[in-house]
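Encoded as structure tokens, the structure appears first; notes follow it.
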Amino acid sequence: MRADHQLRAFEQILNTYDGNLPLHRFLPGYFKQNKQMGSSDRRWATRHVYSFFRLGRALPNLAREERLCIADFLCHETLSPVVEQNMPALQANIQLPLAEKIKIIAEKYQDFNLEDVFPFGDKLSEGINKIEFFTSFFKQPDLFIRVAAADIESIVATLEAANITVHQVSETALALPNGTKLETVLKEGTYQVQDLSSQYTGSYFEPSKWDKWWDCCAASGGKSLLLHSLEPVVELLVTDLRESVLMNLDERFRLAGIRKYHKKELDLLKNNDQVLHHYQFDGIILDAPCTGAGTWGRTPEMLTFFEEKRVNQFAAIQKAIGPNVVKYLKPGKPLIYITCSAFAAENEAVVQYLTETLPLELEKMEVIKGFQNNADTMFVARLIRL
């Protein structure tokens, strides 16, 4: 009976969800409208829906219920009542390593193809191991935080005292289970939630004291906060098209103790000479709008709802933004180009376009293979103005 109840809840959510909202925003609203669902119902429904979408577009001809059982078996080491009732033969294998579980499913279902999970494999950036990348979608990425090196020991001790599993990845990065409620344990301002790959992009910044930097697609300020942690004495301009995210940036900066910075609302697809005519920067961070394909481990619904035409649409935006920001960069200074995409058209192809059409020279670039560290996959390039 419990499994039947959970299946009905799963089906009702799936029948309602159309992909227009991110799943993590849709579900709270759905639960608010369906207050008859208790906390246990909400937990199981969330688990089942996320598991289902992690299967991507594999085995499309099977019934939803069967696809859910396969997906939940692959995604978890604890048994779901739905799997227990519908596929009891899988129970004994629930705690096997993921690679072995995938092999079991492939033997049982001749039509199962791991490449169908992420059906855009031919568009990936060079150097991405497809099998590792596709397999990573069955695992929820970790929650990563960045802390000051001087504080890391005390923060680890605080987290362990609260019985929170924590793993130190570097002198400033900690990995925790996704969903950890840090706000009840750590003091505001003592940490920044930032994916491990995003933290790594800071190694490309190389700022100097008194530099003038522009974070041109600042969003909520994650890269600016990273820049400030590397060199507190920089003059910073942050811009974004959306007022709401800049308000969020203000709050994050306040908690981090950053008081001196300039902020403007700008559309980078337009000519902003009237606003920026007197600016010349020692560094520009272009964390470009993108498909976000490297983060779909956190938003697996995109495996189902993403439209392939969006890759070229975003690439066109990225190429259009380039000339509108590079003209404010001093000669010999870096443009840091960043995406959280795994697609070559948004990564290497855009870098090639920028170097062929603008006075830029590529110094270095790389795909940050977050799938190897239970993190996001990203791309970063450092280009120097000639």
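Following the order of the structure tokens, chains are lettered A, B, ..., residues in each are numbered from 1, and ligands are numbered from 1.
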Extract the full set of alpha helix (DSSP H) residues from stretch 76-245 of chain A according to DSSP on the backbone, and format it as a PyMOL selection string. chain A and resi 81-86+98-108+130-136+152-161+196-200+222-230+243-245
Atoms to include: C-alpha atoms. Write the selected residues as a short mmCIF file (atom, residue, chain, number, x, y, z; two decimals), in the first residue's frame.
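Resulting contents of selection_15.cif:
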data_model
loop_
_atom_site.label_atom_id
_atom_site.label_comp_id
_atom_site.auth_asym_id
_atom_site.auth_seq_id
_atom_site.Cartn_x
_atom_site.Cartn_y
_atom_site.Cartn_z
CA PRO A 81 9.28 0.77 -1.34
CA VAL A 82 8.46 1.20 -5.03
CA VAL A 83 11.52 -0.82 -6.11
CA GLU A 84 10.91 -3.34 -3.34
CA GLN A 85 7.37 -3.98 -4.56
CA ASN A 86 7.89 -3.85 -8.31
CA LEU A 98 27.15 2.17 -9.52
CA ALA A 99 29.12 0.67 -12.42
CA GLU A 100 27.95 -2.83 -11.46
CA LYS A 101 24.34 -1.67 -11.09
CA ILE A 102 24.47 -0.13 -14.56
CA LYS A 103 25.78 -3.44 -15.90
CA ILE A 104 22.85 -5.29 -14.27
CA ILE A 105 20.34 -2.93 -15.92
CA ALA A 106 22.10 -3.21 -19.29
CA GLU A 107 21.91 -7.01 -19.11
CA LYS A 108 18.23 -6.93 -18.15
CA LYS A 130 31.72 10.33 -21.98
CA ILE A 131 31.18 7.22 -19.87
CA GLU A 132 32.29 8.99 -16.68
CA PHE A 133 30.24 12.07 -17.55
CA PHE A 134 27.05 10.15 -18.38
CA THR A 135 27.41 7.98 -15.27
CA SER A 136 27.79 11.05 -13.05
CA ILE A 152 39.18 25.90 8.08
CA GLU A 153 40.23 23.86 11.13
CA SER A 154 37.73 25.52 13.43
CA ILE A 155 34.95 25.27 10.85
CA VAL A 156 35.61 21.56 10.31
CA ALA A 157 35.55 21.06 14.09
CA THR A 158 32.23 22.92 14.35
CA LEU A 159 30.67 20.84 11.59
CA GLU A 160 31.91 17.56 13.04
CA ALA A 161 30.60 18.55 16.48
CA LEU A 196 34.41 23.20 -6.26
CA SER A 197 34.90 23.80 -9.99
CA SER A 198 33.74 27.38 -9.63
CA GLN A 199 36.29 27.88 -6.86
CA TYR A 200 39.00 26.50 -9.16
CA GLY A 222 30.16 34.41 -6.52
CA LYS A 223 33.15 35.14 -8.79
CA SER A 224 33.56 38.65 -7.32
CA LEU A 225 33.67 37.18 -3.81
CA LEU A 226 36.28 34.70 -5.04
CA LEU A 227 38.31 37.53 -6.58
CA HIS A 228 38.10 39.52 -3.34
CA SER A 229 39.34 36.51 -1.35
CA LEU A 230 42.41 36.35 -3.59
CA GLU A 243 18.14 44.07 -10.53
CA SER A 244 16.92 41.21 -8.31
CA VAL A 245 20.20 39.29 -8.46
#
Residues within 8 Å of stretch 320-331 of chain A, only C-alpha atoms, excluding chain neighbours under 6 positions, as a list of chain:residue names: A:Cys216, A:Leu268, A:Leu269, A:Lys270, A:Asn271, A:Asn272, A:Leu276, A:Tyr279, A:Gln280, A:Phe281, A:Asp282, A:Gly283, A:Ile284, A:Leu354, A:Leu358, A:Ile384, A:Arg385, A:Leu386
Could you turn the residues from that selection into a file that holds all heavy atoms, as a CSV table (one decimal), in the first residue's frame?
chain,number,residue,atom,x,y,z
A,216,CYS,N,31.4,41.3,-15.2
A,216,CYS,CA,30.4,41.9,-16.0
A,216,CYS,C,29.0,41.1,-16.1
A,216,CYS,O,28.0,41.7,-16.4
A,216,CYS,CB,30.9,42.1,-17.4
A,216,CYS,SG,31.4,40.6,-18.3
A,268,LEU,N,24.6,43.6,-21.6
A,268,LEU,CA,25.9,43.5,-22.4
A,268,LEU,C,25.7,43.2,-23.9
A,268,LEU,O,26.7,43.2,-24.6
A,268,LEU,CB,26.7,42.4,-21.7
A,268,LEU,CG,27.1,42.7,-20.3
A,268,LEU,CD1,28.0,41.5,-19.8
A,268,LEU,CD2,27.9,44.0,-20.2
A,269,LEU,N,24.5,43.0,-24.3
A,269,LEU,CA,24.2,42.9,-25.7
A,269,LEU,C,24.0,44.2,-26.4
A,269,LEU,O,23.9,44.3,-27.6
A,269,LEU,CB,23.0,42.0,-25.9
A,269,LEU,CG,23.1,40.5,-25.5
A,269,LEU,CD1,21.8,39.8,-25.7
A,269,LEU,CD2,24.2,39.8,-26.4
A,270,LYS,N,24.1,45.3,-25.6
A,270,LYS,CA,23.9,46.6,-26.1
A,270,LYS,C,25.3,47.4,-26.0
A,270,LYS,O,26.1,47.0,-25.2
A,270,LYS,CB,22.8,47.4,-25.4
A,270,LYS,CG,21.5,46.8,-25.6
A,270,LYS,CD,20.4,47.6,-24.8
A,270,LYS,CE,19.0,47.0,-25.0
A,270,LYS,NZ,18.0,47.7,-24.3
A,271,ASN,N,25.4,48.5,-26.7
A,271,ASN,CA,26.5,49.4,-26.6
A,271,ASN,C,26.4,50.2,-25.3
A,271,ASN,O,25.4,51.0,-25.2
A,271,ASN,CB,26.7,50.3,-27.8
A,271,ASN,CG,28.0,51.1,-27.8
A,271,ASN,OD1,28.5,51.4,-26.7
A,271,ASN,ND2,28.5,51.4,-29.0
A,272,ASN,N,27.3,50.1,-24.3
A,272,ASN,CA,27.2,50.8,-23.1
A,272,ASN,C,28.3,51.9,-22.9
A,272,ASN,O,28.6,52.3,-21.8
A,272,ASN,CB,27.4,49.8,-21.9
A,272,ASN,CG,26.2,48.8,-21.8
A,272,ASN,OD1,25.1,49.2,-21.5
A,272,ASN,ND2,26.4,47.5,-22.1
A,276,LEU,N,30.0,53.5,-19.7
A,276,LEU,CA,31.4,53.0,-19.3
A,276,LEU,C,32.5,53.7,-20.1
A,276,LEU,O,33.6,53.2,-20.1
A,276,LEU,CB,31.4,51.5,-19.7
A,276,LEU,CG,30.4,50.6,-18.9
A,276,LEU,CD1,30.6,49.1,-19.4
A,276,LEU,CD2,30.7,50.6,-17.4
A,279,TYR,N,35.9,54.0,-18.4
A,279,TYR,CA,36.4,52.8,-17.7
A,279,TYR,C,37.5,52.1,-18.5
A,279,TYR,O,37.4,51.9,-19.7
A,279,TYR,CB,35.3,51.8,-17.3
A,279,TYR,CG,34.5,52.2,-16.2
A,279,TYR,CD1,33.3,52.9,-16.3
A,279,TYR,CD2,34.8,51.7,-14.9
A,279,TYR,CE1,32.5,53.3,-15.2
A,279,TYR,CE2,34.0,52.0,-13.8
A,279,TYR,CZ,32.9,52.8,-14.0
A,279,TYR,OH,32.1,53.1,-12.9
A,280,GLN,N,38.6,51.7,-17.8
A,280,GLN,CA,39.6,50.9,-18.4
A,280,GLN,C,40.0,49.9,-17.3
A,280,GLN,O,40.4,50.3,-16.2
A,280,GLN,CB,40.8,51.6,-18.9
A,280,GLN,CG,40.6,52.3,-20.2
A,280,GLN,CD,40.5,51.4,-21.4
A,280,GLN,OE1,41.5,50.7,-21.7
A,280,GLN,NE2,39.3,51.3,-22.0
A,281,PHE,N,39.9,48.6,-17.6
A,281,PHE,CA,40.0,47.6,-16.5
A,281,PHE,C,41.3,46.8,-16.6
A,281,PHE,O,41.9,46.6,-17.7
A,281,PHE,CB,38.9,46.6,-16.6
A,281,PHE,CG,37.5,47.3,-16.2
A,281,PHE,CD1,36.7,47.6,-17.3
A,281,PHE,CD2,37.2,47.5,-14.9
A,281,PHE,CE1,35.5,48.2,-17.0
A,281,PHE,CE2,36.0,48.1,-14.6
A,281,PHE,CZ,35.1,48.5,-15.7
A,282,ASP,N,41.8,46.4,-15.5
A,282,ASP,CA,43.0,45.5,-15.4
A,282,ASP,C,42.6,44.0,-15.5
A,282,ASP,O,43.5,43.1,-15.6
A,282,ASP,CB,43.7,45.7,-14.1
A,282,ASP,CG,44.3,47.1,-13.9
A,282,ASP,OD1,45.2,47.5,-14.7
A,282,ASP,OD2,43.7,47.9,-13.1
A,283,GLY,N,41.3,43.7,-15.4
A,283,GLY,CA,40.8,42.4,-15.5
A,283,GLY,C,39.3,42.4,-15.7
A,283,GLY,O,38.6,43.2,-15.1
A,284,ILE,N,38.8,41.5,-16.5
A,284,ILE,CA,37.4,41.4,-16.7
A,284,ILE,C,37.0,39.9,-16.6
A,284,ILE,O,37.6,39.0,-17.2
A,284,ILE,CB,36.9,41.9,-18.1
A,284,ILE,CG1,37.2,43.3,-18.3
A,284,ILE,CG2,35.4,41.6,-18.3
A,284,ILE,CD1,36.8,43.9,-19.6
A,354,LEU,N,36.6,34.5,-30.4
A,354,LEU,CA,37.1,35.7,-29.7
A,354,LEU,C,38.5,36.1,-30.2
A,354,LEU,O,38.8,37.2,-30.4
A,354,LEU,CB,37.0,35.6,-28.2
A,354,LEU,CG,35.6,35.5,-27.6
A,354,LEU,CD1,35.7,35.3,-26.1
A,354,LEU,CD2,34.7,36.7,-27.9
A,358,LEU,N,38.8,39.5,-32.3
A,358,LEU,CA,39.1,40.6,-31.3
A,358,LEU,C,40.6,40.6,-31.1
A,358,LEU,O,41.3,39.5,-31.3
A,358,LEU,CB,38.3,40.4,-30.0
A,358,LEU,CG,36.8,40.4,-30.1
A,358,LEU,CD1,36.2,40.0,-28.8
A,358,LEU,CD2,36.3,41.8,-30.6
A,384,ILE,N,44.4,37.3,-23.2
A,384,ILE,CA,45.1,38.6,-23.0
A,384,ILE,C,44.8,39.6,-24.1
A,384,ILE,O,44.9,39.2,-25.3
A,384,ILE,CB,46.6,38.3,-22.9
A,384,ILE,CG1,46.9,37.3,-21.8
A,384,ILE,CG2,47.4,39.6,-22.5
A,384,ILE,CD1,46.4,37.6,-20.4
A,385,ARG,N,44.5,40.8,-23.7
A,385,ARG,CA,44.2,41.9,-24.7
A,385,ARG,C,45.6,42.3,-25.3
A,385,ARG,O,46.5,42.6,-24.6
A,385,ARG,CB,43.6,43.1,-23.9
A,385,ARG,CG,43.5,44.3,-24.8
A,385,ARG,CD,42.3,44.2,-25.8
A,385,ARG,NE,42.3,45.3,-26.7
A,385,ARG,CZ,41.6,46.4,-26.6
A,385,ARG,NH1,40.8,46.6,-25.6
A,385,ARG,NH2,41.7,47.4,-27.5
A,386,LEU,N,45.6,42.3,-26.6
A,386,LEU,CA,46.8,42.7,-27.4
A,386,LEU,C,46.9,44.2,-27.5
A,386,LEU,O,45.9,44.9,-27.3
A,386,LEU,CB,46.8,42.1,-28.7
A,386,LEU,CG,46.8,40.6,-28.8
A,386,LEU,CD1,46.7,40.1,-30.2
A,386,LEU,CD2,48.1,40.0,-28.1
Would you mind telling me which residue in A:Ile164, A:Ala149, A:Cys75, A:Ala175 lies nearest to A:Leu96 when using only C-alpha atoms? A:Cys75
Could you check the closest approach to A:Gly332 for each of A:Lys260, A:Ala218, A:Pro359, A:Trp296 and tell me which residue wins, using only C-alpha atoms?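 So, comparing all the options, the nearest one is A:Pro359.
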I need the strand (DSSP E or B) residues of stretch 108-285 of chain A per DSSP on the backbone, written as a PyMOL selection string. chain A and resi 124+143-146+167-168+173-176+192-193+212-215+235-240+262-265+281+283-285
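With only C-alpha atoms as the atoms that count, the minimum distance from A:Glu65 to the choices A:Asn20, A:Thr180, A:Thr295, A:Gln6 is reached by A:Gln6.
The environment of A:Asp41 within 10 Å, counting only C-alpha atoms and disregarding residues fewer than 6 places along the same chain, consists of Arg2, His5, Gln6, Ala9, Phe10, Phe31 and Arg47 of chain A.
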Skipping near chain neighbours, those fewer than 2 positions away, what residues fall within 10 Å of A:Val193 using only C-alpha atoms, listed as number ranges by chain? A: 143-147, 173-174, 182, 191, 195-196, 199, 222
For stretch 57-61 of chain A, list every protein, DNA or RNA residue within 9 Å, evaluated using only C-alpha atoms, and leave out those in the same chain fewer than 6 positions away; present the list as an NGL selection string. :A and (67 or 109 or 111-119 or 303-304)
Counting only C-alpha atoms, which residue out of A:Phe379, A:Phe343, A:Phe53, A:Tyr261 sits closest to A:Thr299?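 Distance minimum relative to A:Thr299 lands on A:Phe53.
Compared by their closest atoms to A:Val367, and using only C-alpha atoms, the residues A:Ile13, A:Asp215, A:Leu241, A:Glu346 rank with A:Glu346 nearest.
Shortest atom-to-atom contact with A:Arg8 among A:Met365, A:Trp44, A:Tyr30, A:Glu183: A:Trp44, counting only C-alpha atoms.
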Excluding A:Tyr17 and residues on its chain fewer than 3 positions from it, collect all residues at most 12 Å away from it, counting only C-alpha atoms, and give them as a PDB file with N, CA, C and O atoms, in the first residue's frame.
ATOM      1  N   PHE A  10       3.937  10.421  -7.063  1.00  0.00           N
ATOM      2  CA  PHE A  10       4.928  10.617  -8.130  1.00  0.00           C
ATOM      3  C   PHE A  10       4.244  10.939  -9.455  1.00  0.00           C
ATOM      4  O   PHE A  10       4.625  11.890 -10.150  1.00  0.00           O
ATOM      5  N   GLU A  11       3.228  10.168  -9.810  1.00  0.00           N
ATOM      6  CA  GLU A  11       2.513  10.378 -11.070  1.00  0.00           C
ATOM      7  C   GLU A  11       1.832  11.739 -11.097  1.00  0.00           C
ATOM      8  O   GLU A  11       1.839  12.437 -12.122  1.00  0.00           O
ATOM      9  N   GLN A  12       1.245  12.145  -9.998  1.00  0.00           N
ATOM     10  CA  GLN A  12       0.555  13.432  -9.949  1.00  0.00           C
ATOM     11  C   GLN A  12       1.524  14.584 -10.168  1.00  0.00           C
ATOM     12  O   GLN A  12       1.207  15.548 -10.873  1.00  0.00           O
ATOM     13  N   ILE A  13       2.695  14.491  -9.570  1.00  0.00           N
ATOM     14  CA  ILE A  13       3.697  15.546  -9.762  1.00  0.00           C
ATOM     15  C   ILE A  13       4.159  15.567 -11.207  1.00  0.00           C
ATOM     16  O   ILE A  13       4.240  16.634 -11.841  1.00  0.00           O
ATOM     17  N   LEU A  14       4.448  14.403 -11.754  1.00  0.00           N
ATOM     18  CA  LEU A  14       4.951  14.331 -13.120  1.00  0.00           C
ATOM     19  C   LEU A  14       3.921  14.846 -14.126  1.00  0.00           C
ATOM     20  O   LEU A  14       4.280  15.472 -15.129  1.00  0.00           O
ATOM     21  N   ASN A  20       9.023  24.259 -17.094  1.00  0.00           N
ATOM     22  CA  ASN A  20       9.221  25.706 -17.221  1.00  0.00           C
ATOM     23  C   ASN A  20       9.934  26.304 -16.012  1.00  0.00           C
ATOM     24  O   ASN A  20      10.671  27.284 -16.144  1.00  0.00           O
ATOM     25  N   LEU A  21       9.709  25.741 -14.850  1.00  0.00           N
ATOM     26  CA  LEU A  21      10.414  26.151 -13.642  1.00  0.00           C
ATOM     27  C   LEU A  21      11.457  25.102 -13.291  1.00  0.00           C
ATOM     28  O   LEU A  21      11.239  23.909 -13.531  1.00  0.00           O
ATOM     29  N   PRO A  22      12.600  25.504 -12.723  1.00  0.00           N
ATOM     30  CA  PRO A  22      13.511  24.487 -12.193  1.00  0.00           C
ATOM     31  C   PRO A  22      12.784  23.630 -11.157  1.00  0.00           C
ATOM     32  O   PRO A  22      11.935  24.127 -10.409  1.00  0.00           O
ATOM     33  N   LEU A  23      13.102  22.361 -11.123  1.00  0.00           N
ATOM     34  CA  LEU A  23      12.399  21.430 -10.245  1.00  0.00           C
ATOM     35  C   LEU A  23      12.501  21.848  -8.776  1.00  0.00           C
ATOM     36  O   LEU A  23      11.535  21.706  -8.012  1.00  0.00           O
ATOM     37  N   HIS A  24      13.668  22.393  -8.383  1.00  0.00           N
ATOM     38  CA  HIS A  24      13.840  22.772  -6.981  1.00  0.00           C
ATOM     39  C   HIS A  24      12.975  23.966  -6.596  1.00  0.00           C
ATOM     40  O   HIS A  24      12.750  24.216  -5.413  1.00  0.00           O
ATOM     41  N   ARG A  25      12.487  24.706  -7.595  1.00  0.00           N
ATOM     42  CA  ARG A  25      11.550  25.799  -7.315  1.00  0.00           C
ATOM     43  C   ARG A  25      10.112  25.344  -7.464  1.00  0.00           C
ATOM     44  O   ARG A  25       9.218  25.853  -6.779  1.00  0.00           O
ATOM     45  N   PHE A  26       9.877  24.403  -8.352  1.00  0.00           N
ATOM     46  CA  PHE A  26       8.515  23.909  -8.577  1.00  0.00           C
ATOM     47  C   PHE A  26       7.991  23.120  -7.383  1.00  0.00           C
ATOM     48  O   PHE A  26       6.836  23.298  -6.959  1.00  0.00           O
ATOM     49  N   LEU A  27       8.815  22.221  -6.846  1.00  0.00           N
ATOM     50  CA  LEU A  27       8.337  21.304  -5.811  1.00  0.00           C
ATOM     51  C   LEU A  27       7.836  22.005  -4.546  1.00  0.00           C
ATOM     52  O   LEU A  27       6.775  21.637  -4.029  1.00  0.00           O
ATOM     53  N   GLY A  29       6.412  24.860  -4.252  1.00  0.00           N
ATOM     54  CA  GLY A  29       5.096  25.411  -4.572  1.00  0.00           C
ATOM     55  C   GLY A  29       4.039  24.331  -4.684  1.00  0.00           C
ATOM     56  O   GLY A  29       2.902  24.504  -4.233  1.00  0.00           O
ATOM     57  N   TYR A  30       4.433  23.199  -5.272  1.00  0.00           N
ATOM     58  CA  TYR A  30       3.494  22.078  -5.392  1.00  0.00           C
ATOM     59  C   TYR A  30       3.099  21.554  -4.015  1.00  0.00           C
ATOM     60  O   TYR A  30       1.913  21.312  -3.745  1.00  0.00           O
ATOM     61  N   VAL A  49      10.996  11.756  -7.944  1.00  0.00           N
ATOM     62  CA  VAL A  49      10.969  12.626  -9.119  1.00  0.00           C
ATOM     63  C   VAL A  49      12.390  12.911  -9.600  1.00  0.00           C
ATOM     64  O   VAL A  49      12.680  12.842 -10.801  1.00  0.00           O
ATOM     65  N   PHE A  53      14.162  11.709 -13.297  1.00  0.00           N
ATOM     66  CA  PHE A  53      14.762  12.591 -14.293  1.00  0.00           C
ATOM     67  C   PHE A  53      16.239  12.284 -14.526  1.00  0.00           C
ATOM     68  O   PHE A  53      16.781  12.601 -15.590  1.00  0.00           O
ATOM     69  N   GLU A 301      16.296  17.474 -14.423  1.00  0.00           N
ATOM     70  CA  GLU A 301      15.128  17.638 -15.290  1.00  0.00           C
ATOM     71  C   GLU A 301      15.524  18.183 -16.666  1.00  0.00           C
ATOM     72  O   GLU A 301      14.814  17.986 -17.659  1.00  0.00           O
ATOM     73  N   THR A 304      15.722  15.945 -19.712  1.00  0.00           N
ATOM     74  CA  THR A 304      14.469  15.659 -20.406  1.00  0.00           C
ATOM     75  C   THR A 304      13.966  16.850 -21.206  1.00  0.00           C
ATOM     76  O   THR A 304      13.519  16.712 -22.343  1.00  0.00           O
ATOM     77  N   PHE A 305      14.049  18.051 -20.621  1.00  0.00           N
ATOM     78  CA  PHE A 305      13.370  19.206 -21.204  1.00  0.00           C
ATOM     79  C   PHE A 305      14.267  20.092 -22.077  1.00  0.00           C
ATOM     80  O   PHE A 305      13.761  20.971 -22.772  1.00  0.00           O
TER      81      PHE A 305
END
Residues near A:Glu77, anyone? I mean within 10 Å using only C-alpha atoms, not counting same-chain ones fewer than 5 positions away, as a list in words. Asp72, Gln91, Asn93, Ile94, Gln95, Leu96, Pro97 and Leu98 of chain A
